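Novice: Sharing model-v4.cif (mmCIF, C-alpha atoms) below.
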data_start
loop_
_atom_site.label_atom_id
_atom_site.label_comp_id
_atom_site.auth_asym_id
_atom_site.auth_seq_id
_atom_site.Cartn_x
_atom_site.Cartn_y
_atom_site.Cartn_z
CA MET L 14 116.07 105.31 104.96
CA LYS L 15 119.76 105.85 105.49
CA ARG L 16 121.35 102.46 105.55
CA LYS L 17 123.01 101.52 108.80
CA SER L 18 125.87 99.12 108.25
CA PHE L 19 125.20 95.79 109.89
CA ALA L 20 128.69 94.42 109.39
CA GLY L 21 129.50 95.04 113.05
CA MET L 22 126.24 93.49 114.25
CA SER L 23 126.08 89.86 115.22
CA CYS L 24 122.35 89.31 114.65
CA SER L 25 122.05 86.67 111.94
CA ILE L 26 118.92 88.29 110.51
CA ALA L 27 120.62 91.66 110.14
CA ARG L 28 123.66 90.04 108.58
CA ALA L 29 121.52 87.94 106.26
CA LEU L 30 119.68 91.10 105.17
CA ASP L 31 123.08 92.69 104.53
CA GLU L 32 123.62 89.98 101.91
CA VAL L 33 120.15 89.34 100.50
CA GLY L 34 118.05 92.21 101.85
CA GLU L 35 117.78 94.07 98.55
CA TRP L 36 114.87 93.00 96.37
CA TRP L 37 117.06 92.14 93.36
CA SER L 38 119.22 89.59 95.17
CA LEU L 39 116.40 87.18 96.02
CA LEU L 40 114.91 87.71 92.55
CA ILE L 41 118.19 86.56 91.00
CA VAL L 42 118.22 83.56 93.37
CA ARG L 43 114.62 82.84 92.34
CA GLU L 44 115.64 82.98 88.67
CA CYS L 45 118.34 80.39 89.39
CA THR L 46 115.76 78.04 90.93
CA GLN L 47 113.74 78.47 87.75
CA GLY L 48 116.57 77.23 85.59
CA THR L 49 117.91 80.56 84.38
CA THR L 50 121.65 80.29 83.71
CA ARG L 51 122.59 82.69 80.90
CA PHE L 52 123.27 86.37 81.25
CA ASP L 53 120.79 87.32 78.53
CA GLU L 54 118.08 85.19 80.18
CA PHE L 55 118.56 86.99 83.51
CA GLN L 56 118.51 90.29 81.65
CA ARG L 57 115.26 89.48 79.85
CA GLU L 58 113.51 88.06 82.92
CA LEU L 59 114.57 90.88 85.25
CA GLY L 60 114.36 93.73 82.73
CA VAL L 61 117.61 95.36 83.78
CA ALA L 62 120.56 97.07 82.07
CA ARG L 63 123.64 94.94 81.32
CA ASN L 64 126.10 96.94 83.39
CA ILE L 65 123.87 96.87 86.45
CA LEU L 66 123.11 93.15 86.11
CA THR L 67 126.85 92.50 85.80
CA ALA L 68 127.48 94.36 89.05
CA ARG L 69 124.71 92.45 90.85
CA LEU L 70 125.91 89.04 89.65
CA ASP L 71 129.49 89.94 90.62
CA ARG L 72 128.30 90.90 94.09
CA LEU L 73 126.48 87.57 94.56
CA ILE L 74 129.58 85.73 93.34
CA GLU L 75 131.71 87.68 95.81
CA LEU L 76 129.31 86.64 98.61
CA GLY L 77 129.55 83.00 97.50
CA ILE L 78 125.82 82.78 96.70
CA ILE L 79 126.21 82.10 92.98
CA GLU L 80 129.09 80.79 90.91
CA THR L 81 129.94 80.65 87.23
CA PHE L 82 130.30 77.48 85.20
CA ALA L 83 131.23 76.63 81.62
CA LEU L 84 128.24 76.44 79.29
CA GLU L 85 128.55 73.28 77.22
CA ASP L 86 127.03 74.69 74.08
CA ARG L 87 128.63 78.13 74.05
CA ALA L 88 132.39 78.34 74.17
CA ASN L 89 133.86 81.32 76.03
CA THR L 90 130.57 82.07 77.73
CA VAL L 91 129.81 81.29 81.35
CA GLY L 92 126.56 80.39 83.01
CA TYR L 93 125.50 81.30 86.54
CA ARG L 94 124.15 78.89 89.13
CA LEU L 95 123.57 78.69 92.89
CA THR L 96 126.28 77.48 95.24
CA GLY L 97 125.42 75.46 98.36
CA LYS L 98 125.06 78.76 100.23
CA GLY L 99 122.69 79.99 97.52
CA GLU L 100 120.62 76.80 97.44
CA ALA L 101 120.27 77.07 101.22
CA LEU L 102 118.11 80.16 100.61
CA TYR L 103 115.29 77.96 99.28
CA PRO L 104 113.38 78.00 102.63
CA VAL L 105 113.45 81.82 102.48
CA LEU L 106 112.02 81.75 98.94
CA ALA L 107 109.38 79.14 99.81
CA SER L 108 108.34 81.15 102.89
CA LEU L 109 108.06 84.32 100.79
CA LYS L 110 106.04 82.48 98.14
CA GLN L 111 103.56 81.10 100.64
CA TRP L 112 103.22 84.48 102.35
CA GLY L 113 102.59 86.15 98.98
CA ASP L 114 100.16 83.38 97.98
CA GLN L 115 98.08 83.90 101.08
CA TRP L 116 98.37 87.59 101.93
CA ILE L 117 98.80 89.26 98.54
CA ASN L 118 97.29 86.85 96.01
CA ASP L 119 94.32 85.95 98.26
CA GLY L 120 95.12 82.24 98.22
CA LYS L 121 95.00 82.16 94.41
CA PRO L 122 98.64 81.96 93.26
CA SER L 123 99.49 81.91 89.57
CA THR L 124 101.67 78.83 90.07
CA GLU L 125 101.68 75.98 92.53
CA TRP L 126 104.73 73.96 93.51
CA VAL L 127 104.36 70.18 93.68
CA GLU L 128 106.85 67.36 94.09
CA ASP L 129 107.60 66.21 90.56
CA ALA L 130 107.77 62.50 91.41
CA THR L 131 104.46 62.32 93.26
CA GLY L 132 102.46 65.48 92.52
CA GLU L 133 102.27 66.06 96.27
CA PRO L 134 101.92 69.77 97.15
CA LEU L 135 104.40 71.62 99.27
CA GLY L 136 103.86 71.60 103.01
CA GLU L 137 103.33 74.88 104.79
CA MET L 138 106.49 76.59 106.05
CA VAL L 139 105.87 76.80 109.80
CA VAL L 140 108.24 77.78 112.60
CA ARG L 141 108.37 74.75 114.89
CA THR L 142 110.39 73.45 117.82
CA SER L 143 112.75 70.57 117.11
CA GLY L 144 109.97 68.38 118.54
CA GLY L 145 107.51 69.72 115.98
CA ARG L 146 105.32 72.11 117.96
CA PRO L 147 104.36 75.25 115.99
CA VAL L 148 105.53 78.41 117.77
CA SER L 149 105.04 82.13 117.34
CA PHE L 150 107.62 84.72 118.37
CA ARG L 151 105.67 85.09 121.63
CA ASP L 152 106.62 81.50 122.58
CA ILE L 153 110.31 82.09 121.92
CA ARG L 154 112.97 82.91 124.48
CA TYR L 155 116.31 84.22 123.28
CA LYS L 156 119.42 82.57 124.73
CA ILE L 157 122.98 83.79 124.55
CA GLY L 158 124.64 81.88 121.70
CA PRO L 159 128.23 80.74 121.09
CA GLY L 160 128.92 83.80 118.91
CA ALA L 161 127.80 86.30 121.56
CA MET L 162 129.30 89.78 121.59
CA PRO L 163 129.78 91.99 124.66
CA THR L 164 126.40 93.64 123.98
CA THR L 165 124.49 90.35 123.52
CA PRO L 166 123.49 89.68 127.16
CA ALA L 167 121.77 93.08 127.44
CA THR L 168 120.04 92.57 124.07
CA VAL L 169 118.78 89.13 125.10
CA GLU L 170 117.61 90.32 128.51
CA ASN L 171 115.84 93.34 127.03
CA ARG L 172 114.10 91.27 124.33
CA ASN L 173 112.92 88.56 126.73
CA ARG L 174 111.66 91.12 129.22
CA ARG L 175 109.66 92.94 126.54
CA VAL L 176 108.16 89.87 124.84
CA LEU L 177 107.87 87.40 127.72
CA GLY L 178 107.41 89.93 130.50
CA ARG L 179 110.49 88.65 132.34
CA ASP L 180 114.18 87.99 131.82
CA MET H 190 119.62 98.19 89.47
CA LYS H 191 116.66 100.00 88.03
CA ARG H 192 113.61 98.68 89.76
CA LYS H 193 111.13 96.92 87.55
CA SER H 194 107.61 97.26 88.88
CA PHE H 195 106.18 93.88 89.87
CA ALA H 196 102.65 95.11 90.41
CA GLY H 197 101.55 93.55 87.13
CA MET H 198 103.33 90.27 87.81
CA SER H 199 101.46 87.40 89.40
CA CYS H 200 104.47 85.57 90.90
CA SER H 201 103.92 85.55 94.65
CA ILE H 202 107.65 85.83 95.33
CA ALA H 203 107.96 88.96 93.17
CA ARG H 204 104.89 90.48 94.77
CA ALA H 205 106.10 89.58 98.26
CA LEU H 206 109.44 91.26 97.46
CA ASP H 207 107.49 94.30 96.30
CA GLU H 208 106.20 94.59 99.86
CA VAL H 209 109.08 93.36 102.01
CA GLY H 210 112.01 93.22 99.60
CA GLU H 211 113.83 96.23 100.99
CA TRP H 212 116.20 95.50 103.87
CA TRP H 213 114.52 97.96 106.26
CA SER H 214 111.05 96.37 106.06
CA LEU H 215 112.06 92.98 107.47
CA LEU H 216 114.26 94.71 110.05
CA ILE H 217 111.22 96.63 111.29
CA VAL H 218 109.25 93.35 111.39
CA ARG H 219 112.14 91.77 113.32
CA GLU H 220 112.05 94.66 115.79
CA CYS H 221 108.34 93.99 116.36
CA THR H 222 109.06 90.33 117.16
CA GLN H 223 111.60 91.58 119.69
CA GLY H 224 109.00 93.58 121.55
CA THR H 225 109.77 97.02 120.12
CA THR H 226 106.60 99.12 120.09
CA ARG H 227 107.54 102.79 120.56
CA PHE H 228 108.72 105.12 117.85
CA ASP H 229 111.82 106.16 119.79
CA GLU H 230 112.74 102.51 120.39
CA PHE H 231 112.59 101.75 116.65
CA GLN H 232 114.63 104.87 116.01
CA ARG H 233 117.32 103.90 118.50
CA GLU H 234 117.50 100.26 117.40
CA LEU H 235 117.56 101.05 113.68
CA GLY H 236 119.60 104.24 113.86
CA VAL H 237 117.49 106.18 111.41
CA ALA H 238 116.15 109.73 111.05
CA ARG H 239 112.65 110.43 112.38
CA ASN H 240 111.15 111.56 109.07
CA ILE H 241 112.41 108.50 107.24
CA LEU H 242 111.28 106.10 109.96
CA THR H 243 107.85 107.76 109.87
CA ALA H 244 107.60 107.16 106.12
CA ARG H 245 108.66 103.50 106.49
CA LEU H 246 106.19 102.80 109.30
CA ASP H 247 103.42 104.52 107.32
CA ARG H 248 104.21 102.33 104.32
CA LEU H 249 104.02 99.13 106.40
CA ILE H 250 100.72 100.33 107.88
CA GLU H 251 99.41 101.03 104.37
CA LEU H 252 100.38 97.46 103.36
CA GLY H 253 98.59 96.08 106.44
CA ILE H 254 101.79 94.59 107.89
CA ILE H 255 101.85 96.69 111.07
CA GLU H 256 99.16 98.63 112.89
CA THR H 257 99.08 101.25 115.60
CA PHE H 258 97.60 100.79 119.04
CA ALA H 259 97.10 102.99 122.09
CA LEU H 260 99.98 102.83 124.56
CA GLU H 261 98.52 102.38 128.03
CA ASP H 262 101.13 104.43 129.83
CA ARG H 263 101.50 107.32 127.38
CA ALA H 264 98.41 109.26 126.45
CA ASN H 265 98.27 110.59 122.90
CA THR H 266 101.10 108.35 121.77
CA VAL H 267 100.64 105.25 119.66
CA GLY H 268 102.64 102.06 119.60
CA TYR H 269 103.31 99.87 116.56
CA ARG H 270 102.73 96.13 116.36
CA LEU H 271 102.40 93.37 113.76
CA THR H 272 99.03 92.52 112.21
CA GLY H 273 98.18 88.93 111.26
CA LYS H 274 99.76 89.57 107.87
CA GLY H 275 102.90 90.85 109.61
CA GLU H 276 103.06 87.93 112.07
CA ALA H 277 102.77 85.58 109.09
CA LEU H 278 106.25 86.73 108.05
CA TYR H 279 107.80 84.83 110.97
CA PRO H 280 108.78 81.82 108.79
CA VAL H 281 110.65 84.25 106.50
CA LEU H 282 112.52 85.72 109.49
CA ALA H 283 113.28 82.29 110.97
CA SER H 284 114.56 81.06 107.60
CA LEU H 285 116.78 84.14 107.25
CA LYS H 286 118.08 83.70 110.80
CA GLN H 287 119.02 80.06 110.24
CA TRP H 288 120.65 80.86 106.92
CA GLY H 289 122.67 83.67 108.54
CA ASP H 290 123.54 81.42 111.52
CA GLN H 291 124.95 78.76 109.23
CA TRP H 292 126.39 80.60 106.24
CA ILE H 293 127.50 83.94 107.66
CA ASN H 294 128.08 83.32 111.37
CA ASP H 295 129.70 79.90 110.84
CA GLY H 296 127.20 78.06 113.01
CA LYS H 297 127.99 80.35 115.96
CA PRO H 298 125.05 82.77 116.26
CA SER H 299 125.02 85.47 118.91
CA THR H 300 121.56 84.39 120.04
CA GLU H 301 119.64 81.12 119.97
CA TRP H 302 115.86 80.83 119.89
CA VAL H 303 114.27 78.24 122.19
CA GLU H 304 110.68 77.52 123.16
CA ASP H 305 110.15 79.41 126.41
CA ALA H 306 108.01 76.73 128.06
CA THR H 307 110.38 73.80 127.40
CA GLY H 308 113.77 75.19 126.38
CA GLU H 309 113.49 73.11 123.21
CA PRO H 310 115.46 74.62 120.31
CA LEU H 311 113.88 75.65 117.04
CA GLY H 312 113.57 73.01 114.34
CA GLU H 313 115.32 73.61 111.05
CA MET H 314 113.24 75.42 108.41
CA VAL H 315 113.15 72.90 105.58
CA VAL H 316 111.10 72.91 102.37
CA ARG H 317 109.03 69.71 102.51
CA THR H 318 106.11 68.13 100.73
CA SER H 319 102.82 67.99 102.62
CA GLY H 320 103.80 64.41 103.46
CA GLY H 321 107.06 65.60 105.04
CA ARG H 322 109.72 64.71 102.44
CA PRO H 323 112.47 67.35 102.16
CA VAL H 324 112.70 68.71 98.61
CA SER H 325 115.05 70.96 96.69
CA PHE H 326 113.95 73.15 93.80
CA ARG H 327 115.16 70.35 91.49
CA ASP H 328 112.38 68.11 92.84
CA ILE H 329 109.69 70.69 92.25
CA ARG H 330 107.34 70.91 89.29
CA TYR H 331 105.38 74.12 88.71
CA LYS H 332 101.67 73.76 88.06
CA ILE H 333 99.29 76.38 86.74
CA GLY H 334 97.48 77.81 89.76
CA PRO H 335 93.99 79.30 90.24
CA GLY H 336 95.35 82.85 89.85
CA ALA H 337 97.03 82.15 86.51
CA MET H 338 97.48 84.97 84.03
CA PRO H 339 97.61 84.64 80.22
CA THR H 340 101.41 84.35 80.35
CA THR H 341 101.48 81.73 83.13
CA PRO H 342 101.29 78.55 80.99
CA ALA H 343 104.38 79.59 78.99
CA THR H 344 106.24 80.51 82.19
CA VAL H 345 105.40 77.18 83.80
CA GLU H 346 106.33 75.18 80.69
CA ASN H 347 109.60 77.04 80.29
CA ARG H 348 110.57 76.61 83.95
CA ASN H 349 109.76 72.89 84.06
CA ARG H 350 111.63 72.25 80.82
CA ARG H 351 114.73 74.03 82.09
CA VAL H 352 114.80 72.51 85.57
CA LEU H 353 113.26 69.07 85.01
CA GLY H 354 114.33 68.64 81.40
CA ARG H 355 110.73 68.25 80.23
CA ASP H 356 107.36 70.03 80.39
#
Any chance you could give the structure as C-alpha cells?

Specialist:
Amino acid sequence: MKRKSFAGMSCSIARALDEVGEWWSLLIVRECTQGTTRFDEFQRELGVARNILTARLDRLIELGIIETFALEDRANTVGYRLTGKGEALYPVLASLKQWGDQWINDGKPSTEWVEDATGEPLGEMVVRTSGGRPVSFRDIRYKIGPGAMPTTPATVENRNRRVLGRD
Amino acid sequence: MKRKSFAGMSCSIARALDEVGEWWSLLIVRECTQGTTRFDEFQRELGVARNILTARLDRLIELGIIETFALEDRANTVGYRLTGKGEALYPVLASLKQWGDQWINDGKPSTEWVEDATGEPLGEMVVRTSGGRPVSFRDIRYKIGPGAMPTTPATVENRNRRVLGRD
C-alpha cells in the first residue's frame, strides 16, 4: 500500500502511526521494557543487520522515543533506553499484549505480567470514561478539539453522523 | 529492516505486531470505528489504489479482524466492518490516540472523544494491576504462562534479571 504522508494530518492516531506504525519500532520499544540496552543485544533479539538497526535506532532517537546513555562497564560504548515519550507507549504495548494473549494465543500466553511487589496480575486495558464506565467506539462522540484544523468540523460531523446516526 | 518472521515466537506482542504491526492495518481499523463501511470511502479516506486496498482488506478478513456484510441500499455490494477480534483493538487505538495527543500534538488534539450519552471525556489509558495501582514496566515481573515454549523460562529469567536486578 502506497504510504500516504500523515504529517499534514491532525489526527493523533495517524500521527502516532507515523512515528510507531512500523512493526520494528514497537518491537524496539518492547525490547527496552525488557531491559535490553546494548546494540548487540538488540541485534541478537531482533535478528537484524547492523546497518539497518543503526538506522532504526537513530530514527527513534530523532523522534525522542529513545536516548543514548553511557554504559558504566564499557567505555566509549553507549546504551539505549526509553525517554519519557518512549515510556509513555507502555499502555500501547500492554493493550497489544492483552489482545494477542486473547485473540491470537487463545488465552494461553507464554508469559504473564504481574506486579513484582505483590504478584498481582495486570488489570485489563479497557477504554473507559473518566468516571470509569467502559465504552465502545459506538458510545463515543467526537468533539472539535483545541488543535482543530479547517477540515476538522466536517470530519467530526461526518464521523458522528455515520456512527451515532446524527451530528 | 529485514522482517524476521514472528510466527514461531510465542510473545503475544510480537504476534500481535505480526497481524497489526503495519501502519495501514490500524488505520483501516480506525476507519471502521469512524463509521467507514464502503470500499470507495476507505479508498478516499486512505488515499490508496484499489488493488492495494483490496489486498489489505482481504488480509484483515483472513485474520478475522474485519468481515463483510450486505449493504442494505446497494445490491451486490458488500460493506466492511470490525469483528469481535477487530473491536477488541479499541484499547490499542485509544492508547495510540492519547499518546499522539500528548507527545505529538502537544496536548492540543484536533478531536476529543467523549461519551455520547453524558459528554464525559475519556479516562486516561493507564497500565494498572487488577487492584488498580498504576505500574510501569519497572514494577512488572514476568511469569511463565500456560502457553510457555521450551525457550520461555530462559527469556523470563533473563528479562527479570535485567529489569528487576534478580530472577

Novice: Show me, as a tab-separated table, the residues of chain H having an atom within 6 Å of chain L, each with the closest atom pair and its distance in Å, using only C-alpha atoms.

Specialist:
residue	atom	partner	partner_atom	distance
H:Met190	CA	L:Ile65	CA	5.4
H:Ser199	CA	L:Ser123	CA	5.8
H:Ser201	CA	L:Gly113	CA	4.6
H:Ile202	CA	L:Lys110	CA	4.7
H:Ala205	CA	L:Gly113	CA	5.0
H:Leu206	CA	L:Trp36	CA	5.8
H:Gly210	CA	L:Trp36	CA	4.3
H:Glu211	CA	L:Glu35	CA	5.1
H:Trp212	CA	L:Gly34	CA	4.3
H:Thr222	CA	L:Phe150	CA	5.9
H:Gln223	CA	L:Arg172	CA	5.3
H:Gly224	CA	L:Val176	CA	5.0
H:Ile241	CA	L:Met14	CA	5.4
H:Pro280	CA	L:Val140	CA	5.6
H:Val281	CA	L:Ser108	CA	5.3
H:Ser284	CA	L:Val105	CA	5.3
H:Leu285	CA	L:Ile26	CA	5.7
H:Lys286	CA	L:Ile26	CA	4.7
H:Gly289	CA	L:Ser25	CA	4.6
H:Asp290	CA	L:Ser25	CA	5.5
H:Lys297	CA	L:Gly160	CA	4.6
H:Pro298	CA	L:Gly160	CA	4.8
H:Ser299	CA	L:Ala161	CA	3.9
H:Thr300	CA	L:Gly158	CA	4.3
H:Glu301	CA	L:Lys156	CA	5.0
H:Trp302	CA	L:Tyr155	CA	4.8
H:Val303	CA	L:Arg154	CA	5.4
H:Glu304	CA	L:Ile153	CA	4.7
H:Asp305	CA	L:Arg154	CA	4.9
H:Pro310	CA	L:Thr142	CA	5.8
H:Leu311	CA	L:Thr142	CA	4.2
H:Gly312	CA	L:Ser143	CA	3.8
H:Val315	CA	L:Pro104	CA	5.9
H:Val316	CA	L:Pro104	CA	5.6
H:Arg317	CA	L:Gly136	CA	5.5
H:Thr318	CA	L:Leu135	CA	4.2
H:Ser319	CA	L:Gly136	CA	3.8
H:Phe326	CA	L:Thr46	CA	6.0
H:Asp328	CA	L:Asp129	CA	5.6
H:Ile329	CA	L:Glu128	CA	4.7
H:Arg330	CA	L:Asp129	CA	4.9
H:Tyr331	CA	L:Trp126	CA	4.8
H:Lys332	CA	L:Glu125	CA	5.0
H:Ile333	CA	L:Thr124	CA	4.8
H:Gly334	CA	L:Thr124	CA	4.3
H:Pro335	CA	L:Lys121	CA	5.2
H:Gly336	CA	L:Ser123	CA	4.3
H:Ala337	CA	L:Ser123	CA	3.9
H:Arg348	CA	L:Gln47	CA	5.3
H:Arg351	CA	L:Gly48	CA	5.1
H:Val352	CA	L:Gly48	CA	5.0

Novice: Rounded to one decimal in Å, what is the spacing between CA of Asn265 (chain H) and CA of Glu170 (chain L)?

Specialist: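 For CA of Asn265 (chain H) relative to CA of Glu170 (chain L), the distance reads 28.6 Å.
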
Novice: Residues picked by the PyMOL selection byres ((chain H and resi 268) around 10) here, as a list in words?

Specialist: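 When the PyMOL selection byres ((chain H and resi 268) around 10) is applied, the selected residues are Thr225, Thr226, Arg227, Phe228, Glu256, Thr257, Phe258, Ala259, Leu260, Glu261, Arg263, Thr266, Val267, Tyr269 and Arg270 of chain H.
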
Novice: Between CA of Asp53 (chain L) and CA of Asp71 (chain L), what is the distance, to one decimal in Å?

Specialist: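 A separation of 15.1 Å between them.
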
Novice: Between CA of Val42 (chain L) and CA of Arg248 (chain H), what is the distance in Å, rounded to a tenth?

Specialist: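 Separation of CA of Val42 (chain L) and CA of Arg248 (chain H): 25.9 Å.
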
Novice: Enclose region 339-350 of chain H, meaning all of its atoms listed in the file, in a box aligned along x, y and z, pad it by 4 Å on each side, and list the centre and edge lengths in Å to one decimal, as lines of an AutoDock Vina configuration file.

Specialist:
center_x = 104.6
center_y = 78.4
center_z = 81.5
size_x = 22.0
size_y = 20.4
size_z = 13.1

Novice: Mind rebuilding region 219-233 of chain H with N, CA and C atoms and writing that out as a PDB file, in the coordinates of the input?

Specialist:
ATOM      1  N   ARG H 219     111.327  92.417 112.280  1.00  0.00           N
ATOM      2  CA  ARG H 219     112.140  91.770 113.320  1.00  0.00           C
ATOM      3  C   ARG H 219     112.050  92.535 114.634  1.00  0.00           C
ATOM      4  N   GLU H 220     112.162  93.854 114.568  1.00  0.00           N
ATOM      5  CA  GLU H 220     112.050  94.660 115.790  1.00  0.00           C
ATOM      6  C   GLU H 220     110.730  94.383 116.514  1.00  0.00           C
ATOM      7  N   CYS H 221     109.649  94.277 115.743  1.00  0.00           N
ATOM      8  CA  CYS H 221     108.340  93.990 116.360  1.00  0.00           C
ATOM      9  C   CYS H 221     108.357  92.655 117.093  1.00  0.00           C
ATOM     10  N   THR H 222     109.020  91.646 116.498  1.00  0.00           N
ATOM     11  CA  THR H 222     109.060  90.330 117.160  1.00  0.00           C
ATOM     12  C   THR H 222     109.988  90.353 118.373  1.00  0.00           C
ATOM     13  N   GLN H 223     110.736  91.442 118.521  1.00  0.00           N
ATOM     14  CA  GLN H 223     111.600  91.580 119.690  1.00  0.00           C
ATOM     15  C   GLN H 223     110.995  92.519 120.720  1.00  0.00           C
ATOM     16  N   GLY H 224     109.720  92.828 120.530  1.00  0.00           N
ATOM     17  CA  GLY H 224     109.000  93.580 121.550  1.00  0.00           C
ATOM     18  C   GLY H 224     109.100  95.090 121.413  1.00  0.00           C
ATOM     19  N   THR H 225     109.694  95.575 120.343  1.00  0.00           N
ATOM     20  CA  THR H 225     109.770  97.020 120.120  1.00  0.00           C
ATOM     21  C   THR H 225     108.395  97.539 119.724  1.00  0.00           C
ATOM     22  N   THR H 226     107.915  98.570 120.403  1.00  0.00           N
ATOM     23  CA  THR H 226     106.600  99.120 120.090  1.00  0.00           C
ATOM     24  C   THR H 226     106.624 100.639 119.901  1.00  0.00           C
ATOM     25  N   ARG H 227     107.553 101.323 120.567  1.00  0.00           N
ATOM     26  CA  ARG H 227     107.540 102.790 120.560  1.00  0.00           C
ATOM     27  C   ARG H 227     108.437 103.342 119.463  1.00  0.00           C
ATOM     28  N   PHE H 228     107.989 104.477 118.925  1.00  0.00           N
ATOM     29  CA  PHE H 228     108.720 105.120 117.850  1.00  0.00           C
ATOM     30  C   PHE H 228     110.190 105.347 118.220  1.00  0.00           C
ATOM     31  N   ASP H 229     110.426 105.852 119.425  1.00  0.00           N
ATOM     32  CA  ASP H 229     111.820 106.160 119.790  1.00  0.00           C
ATOM     33  C   ASP H 229     112.670 104.900 119.963  1.00  0.00           C
ATOM     34  N   GLU H 230     111.994 103.777 120.315  1.00  0.00           N
ATOM     35  CA  GLU H 230     112.740 102.510 120.390  1.00  0.00           C
ATOM     36  C   GLU H 230     113.167 102.044 118.990  1.00  0.00           C
ATOM     37  N   PHE H 231     112.224 102.103 118.021  1.00  0.00           N
ATOM     38  CA  PHE H 231     112.590 101.750 116.650  1.00  0.00           C
ATOM     39  C   PHE H 231     113.730 102.642 116.170  1.00  0.00           C
ATOM     40  N   GLN H 232     113.612 103.924 116.474  1.00  0.00           N
ATOM     41  CA  GLN H 232     114.630 104.870 116.010  1.00  0.00           C
ATOM     42  C   GLN H 232     116.003 104.517 116.573  1.00  0.00           C
ATOM     43  N   ARG H 233     116.039 104.216 117.863  1.00  0.00           N
ATOM     44  CA  ARG H 233     117.320 103.900 118.500  1.00  0.00           C
ATOM     45  C   ARG H 233     117.889 102.588 117.956  1.00  0.00           C
TER      46      ARG H 233
END
